[in-house]
Amino acid sequence: MSETSPKLRAELEGIPTYKPGKPAAAGGPVAYKLSSNENPYPPLPGVMETVTAAACTFNRYPDMACTALMNELSDRFGVPLSHLATGTGSVGVAQQLIQATSGPGDEVIYAWRSFEAYPIITQISGATSVQVPLTSGDVHDLDAMADAITDRTRLIFVCNPNNPTGTVVRRAELERFLDRVPGDVLVVLDEAYREFIRDPEVPDGVELYRDRPNVCVLRTFSKAYGLAGLRVGFAIAHEPVAAALRKTAVPFGVSQLAQEAAIASLRAEDELLGRVGSLVCERTRVVDGLRAQGWTVPETQANFVWLRLGERTVPFAEACDQAGVVIRPFPGEGVRVTVGETEANDIFLKVAEGFRKEL
Ligand SMILES: *Cc1c(COP(=O)(O)O)cnc(C)c1O
């Protein structure tokens, strides 16, 4: 047997592993998963029927071009087909965007802390991450991000609302930022939580992209539409960028189940957005409850809340675990807690209250 092993790219060394939210503990009392920002509602019956019917043909490859879904998206968002690209979740599309723009020697700018996939997909490409700290209020520091642009910058992520803090950037500051970014640098507006936004000052990326050829909007069916397990997301961008996404796509990446479920979900949008409305009410209840207990909670426009707990992060997460809610700790920094079922949110609030009293 040979002593040597296959040569792997040096860039892969030290890549942080993506930490999926822990599942709810099995076997014990009822446990709730508030660790992955998933939609707590089960699939709509109509969507289930569509997916079940589609399952009868999974001996066949899916429609590689996602034709029916692309047509539906084109109508829904009022964008030409040539400005659309689908992928295996918006994380898949984000990875394609980096592949299409950045390699060794290039720089990718994003806020930190932000979505944990950004450092991973950047490092895989061989490009260099430039992490710009959030402001003291846990918001993107867009001025500092613009200052960080160099000749080597190829792509900038703006996560709006930001995962894991839930904070947003508003229209005036985002437009001012976009005006400062050179036209040959791609700005990716990651709007995974767009449907949960209630602040009218937060711009819709789809409006911003229209007269800005270097802006790409990322959306997903995983959160508001409740299809996290089926892996489908999409990008809206001008032609050269959208075409590059179609070139870098894994052939047949989006399953027929996912395509059909996404179409059925767009057609059931009123009902799904009604559920989002209920979750937004729960969000208000959770944030108000925490503030009444004395916590400082950043303004969130997403389906989760952020508590900056520093050294007390892990003990807090353990207390939640024991009470039957699994949350997402970022050791040394804070916890991100998804707004879920009412009972789950109640348990979380109770743990937070107990913890607060011990301070
Ligand atoms: C959840 C999330 C996504 C969506 O991921 P999918 O791959 O579409 O499931 C993208 N960006 C951010 C910031 C997220 O939190």
# chains A, B, ... in the order shown; residues from 1 in each chain; ligands from 1
$ residues_around --residues "stretch 135-151 of chain A" --least-positions-apart "3" --cutoff "7 Å" --atoms "only C-alpha atoms" --output "VMD selection string"
chain A and resid 111 132 165 167 to 169 177 180 to 181
$ residues_near_ligand --ligand "ligand 1" --cutoff "6 Å" --atoms "only C-alpha atoms and all ligand atoms" --output "PyMOL selection string"
chain A and resi 89-92+115+159+163+190+192+220+222+228+231+233
$ write_last_selection --atoms "N, CA and C atoms" --output "mmCIF file, in the first residue's frame"
data_model
loop_
_atom_site.group_PDB
_atom_site.id
_atom_site.type_symbol
_atom_site.label_atom_id
_atom_site.label_comp_id
_atom_site.auth_asym_id
_atom_site.auth_seq_id
_atom_site.Cartn_x
_atom_site.Cartn_y
_atom_site.Cartn_z
ATOM 1 N N GLY A 89 -30.494 25.697 -2.121
ATOM 2 C CA GLY A 89 -30.553 26.619 -0.988
ATOM 3 C C GLY A 89 -29.786 27.874 -1.361
ATOM 4 N N SER A 90 -30.029 28.972 -0.630
ATOM 5 C CA SER A 90 -29.281 30.175 -0.995
ATOM 6 C C SER A 90 -27.820 30.060 -0.580
ATOM 7 N N VAL A 91 -27.502 29.139 0.332
ATOM 8 C CA VAL A 91 -26.089 28.889 0.622
ATOM 9 C C VAL A 91 -25.388 28.325 -0.616
ATOM 10 N N GLY A 92 -26.081 27.411 -1.297
ATOM 11 C CA GLY A 92 -25.524 26.877 -2.541
ATOM 12 C C GLY A 92 -25.281 27.990 -3.552
ATOM 13 N N PHE A 115 -23.329 35.507 9.071
ATOM 14 C CA PHE A 115 -23.705 34.121 8.734
ATOM 15 C C PHE A 115 -22.466 33.239 8.637
ATOM 16 N N CYS A 159 -25.707 41.017 4.899
ATOM 17 C CA CYS A 159 -26.737 40.095 5.389
ATOM 18 C C CYS A 159 -27.807 40.939 6.074
ATOM 19 N N ASN A 163 -27.808 37.578 10.319
ATOM 20 C CA ASN A 163 -27.783 36.363 11.134
ATOM 21 C C ASN A 163 -26.418 36.361 11.826
ATOM 22 N N ASP A 190 -27.957 39.399 1.064
ATOM 23 C CA ASP A 190 -28.505 38.125 1.517
ATOM 24 C C ASP A 190 -29.774 38.410 2.316
ATOM 25 N N ALA A 192 -32.322 36.323 3.375
ATOM 26 C CA ALA A 192 -32.955 35.048 3.739
ATOM 27 C C ALA A 192 -34.194 35.248 4.605
ATOM 28 N N THR A 220 -34.458 32.732 -0.255
ATOM 29 C CA THR A 220 -34.547 31.297 -0.006
ATOM 30 C C THR A 220 -35.976 30.876 0.293
ATOM 31 N N SER A 222 -36.272 28.435 2.436
ATOM 32 C CA SER A 222 -36.040 27.653 3.660
ATOM 33 C C SER A 222 -36.723 28.219 4.889
ATOM 34 N N ALA A 228 -37.012 24.207 4.372
ATOM 35 C CA ALA A 228 -35.570 24.074 4.665
ATOM 36 C C ALA A 228 -35.009 22.717 4.247
ATOM 37 N N ARG A 231 -34.047 22.183 0.142
ATOM 38 C CA ARG A 231 -32.898 22.846 -0.452
ATOM 39 C C ARG A 231 -33.212 23.573 -1.766
ATOM 40 N N GLY A 233 -33.114 27.726 -3.218
ATOM 41 C CA GLY A 233 -33.000 29.171 -3.064
ATOM 42 C C GLY A 233 -32.754 29.768 -4.435
#
$ residues_around --residues "stretch 70-74 of chain A" --least-positions-apart "3" --cutoff "8 Å" --atoms "only C-alpha atoms" --output "PDB file with N, CA and C atoms, in the first residue's frame"
ATOM      1  N   CYS A  66     -34.971  24.217 -14.200  1.00  0.00           N
ATOM      2  CA  CYS A  66     -36.022  24.673 -13.275  1.00  0.00           C
ATOM      3  C   CYS A  66     -37.021  25.583 -13.987  1.00  0.00           C
ATOM      4  N   THR A  67     -37.408  25.197 -15.205  1.00  0.00           N
ATOM      5  CA  THR A  67     -38.185  26.093 -16.065  1.00  0.00           C
ATOM      6  C   THR A  67     -39.461  26.621 -15.404  1.00  0.00           C
ATOM      7  N   PHE A  77     -41.740  38.324  -9.110  1.00  0.00           N
ATOM      8  CA  PHE A  77     -40.857  39.440  -8.759  1.00  0.00           C
ATOM      9  C   PHE A  77     -40.725  40.480  -9.868  1.00  0.00           C
ATOM     10  N   GLY A  78     -41.365  40.215 -11.003  1.00  0.00           N
ATOM     11  CA  GLY A  78     -41.287  41.178 -12.096  1.00  0.00           C
ATOM     12  C   GLY A  78     -39.868  41.367 -12.596  1.00  0.00           C
ATOM     13  N   VAL A  79     -39.163  40.249 -12.774  1.00  0.00           N
ATOM     14  CA  VAL A  79     -37.791  40.311 -13.306  1.00  0.00           C
ATOM     15  C   VAL A  79     -37.693  39.371 -14.503  1.00  0.00           C
ATOM     16  N   PRO A  80     -36.820  39.699 -15.474  1.00  0.00           N
ATOM     17  CA  PRO A  80     -36.692  38.813 -16.635  1.00  0.00           C
ATOM     18  C   PRO A  80     -36.067  37.471 -16.247  1.00  0.00           C
ATOM     19  N   LEU A  81     -36.400  36.438 -16.998  1.00  0.00           N
ATOM     20  CA  LEU A  81     -35.832  35.108 -16.727  1.00  0.00           C
ATOM     21  C   LEU A  81     -34.312  35.139 -16.728  1.00  0.00           C
ATOM     22  N   LEU A  84     -32.474  35.548 -13.369  1.00  0.00           N
ATOM     23  CA  LEU A  84     -32.773  34.600 -12.295  1.00  0.00           C
ATOM     24  C   LEU A  84     -31.848  33.395 -12.341  1.00  0.00           C
ATOM     25  N   ALA A  85     -31.536  32.875 -11.164  1.00  0.00           N
ATOM     26  CA  ALA A  85     -30.814  31.596 -11.084  1.00  0.00           C
ATOM     27  C   ALA A  85     -31.247  30.913  -9.797  1.00  0.00           C
ATOM     28  N   THR A  86     -31.428  29.588  -9.882  1.00  0.00           N
ATOM     29  CA  THR A  86     -31.823  28.826  -8.691  1.00  0.00           C
ATOM     30  C   THR A  86     -30.632  28.000  -8.224  1.00  0.00           C
ATOM     31  N   ILE A 263     -42.919  25.998  -6.170  1.00  0.00           N
ATOM     32  CA  ILE A 263     -44.020  26.568  -6.971  1.00  0.00           C
ATOM     33  C   ILE A 263     -45.321  26.553  -6.151  1.00  0.00           C
ATOM     34  N   LEU A 266     -45.239  29.295  -3.581  1.00  0.00           N
ATOM     35  CA  LEU A 266     -45.500  30.636  -4.120  1.00  0.00           C
ATOM     36  C   LEU A 266     -46.996  30.816  -4.350  1.00  0.00           C
TER      37      LEU A 266
END
$ select_by_dssp --residues "stretch 158-192 of chain A" --states "helix (DSSP H, G or I)" --output "PDB file with C-alpha atoms, in the first residue's frame"
ATOM      1  CA  ARG A 171     -32.435  52.395   2.871  1.00  0.00           C
ATOM      2  CA  ALA A 172     -30.425  55.616   3.120  1.00  0.00           C
ATOM      3  CA  GLU A 173     -27.307  54.030   4.593  1.00  0.00           C
ATOM      4  CA  LEU A 174     -27.438  51.059   2.231  1.00  0.00           C
ATOM      5  CA  GLU A 175     -27.798  53.295  -0.825  1.00  0.00           C
ATOM      6  CA  ARG A 176     -24.941  55.483   0.384  1.00  0.00           C
ATOM      7  CA  PHE A 177     -22.824  52.346   0.762  1.00  0.00           C
ATOM      8  CA  LEU A 178     -23.754  51.005  -2.686  1.00  0.00           C
ATOM      9  CA  ASP A 179     -22.804  54.369  -4.185  1.00  0.00           C
ATOM     10  CA  ARG A 180     -19.318  53.948  -2.727  1.00  0.00           C
TER      11      ARG A 180
END
$ residues_around --residues "A:Gly332" --least-positions-apart "4" --cutoff "10 Å" --atoms "only C-alpha atoms" --output "list in words"
Arg308, Leu309, Gly310, Glu311, Arg312, Thr313 and Val314 of chain A
$ residues_around --residues "A:Ala264" --least-positions-apart "5" --cutoff "10 Å" --atoms "only C-alpha atoms" --output "VMD selection string"
chain A and resid 44 46 to 51 69 72 258 to 259 269
$ select_by_dssp --residues "stretch 106-177 of chain A" --states "strand (DSSP E)" --output "count of residues only"
19
$ atom_distance --atom1 "atom CA of A:Arg285" --atom2 "atom CA of A:Gly166"
15.5 Å
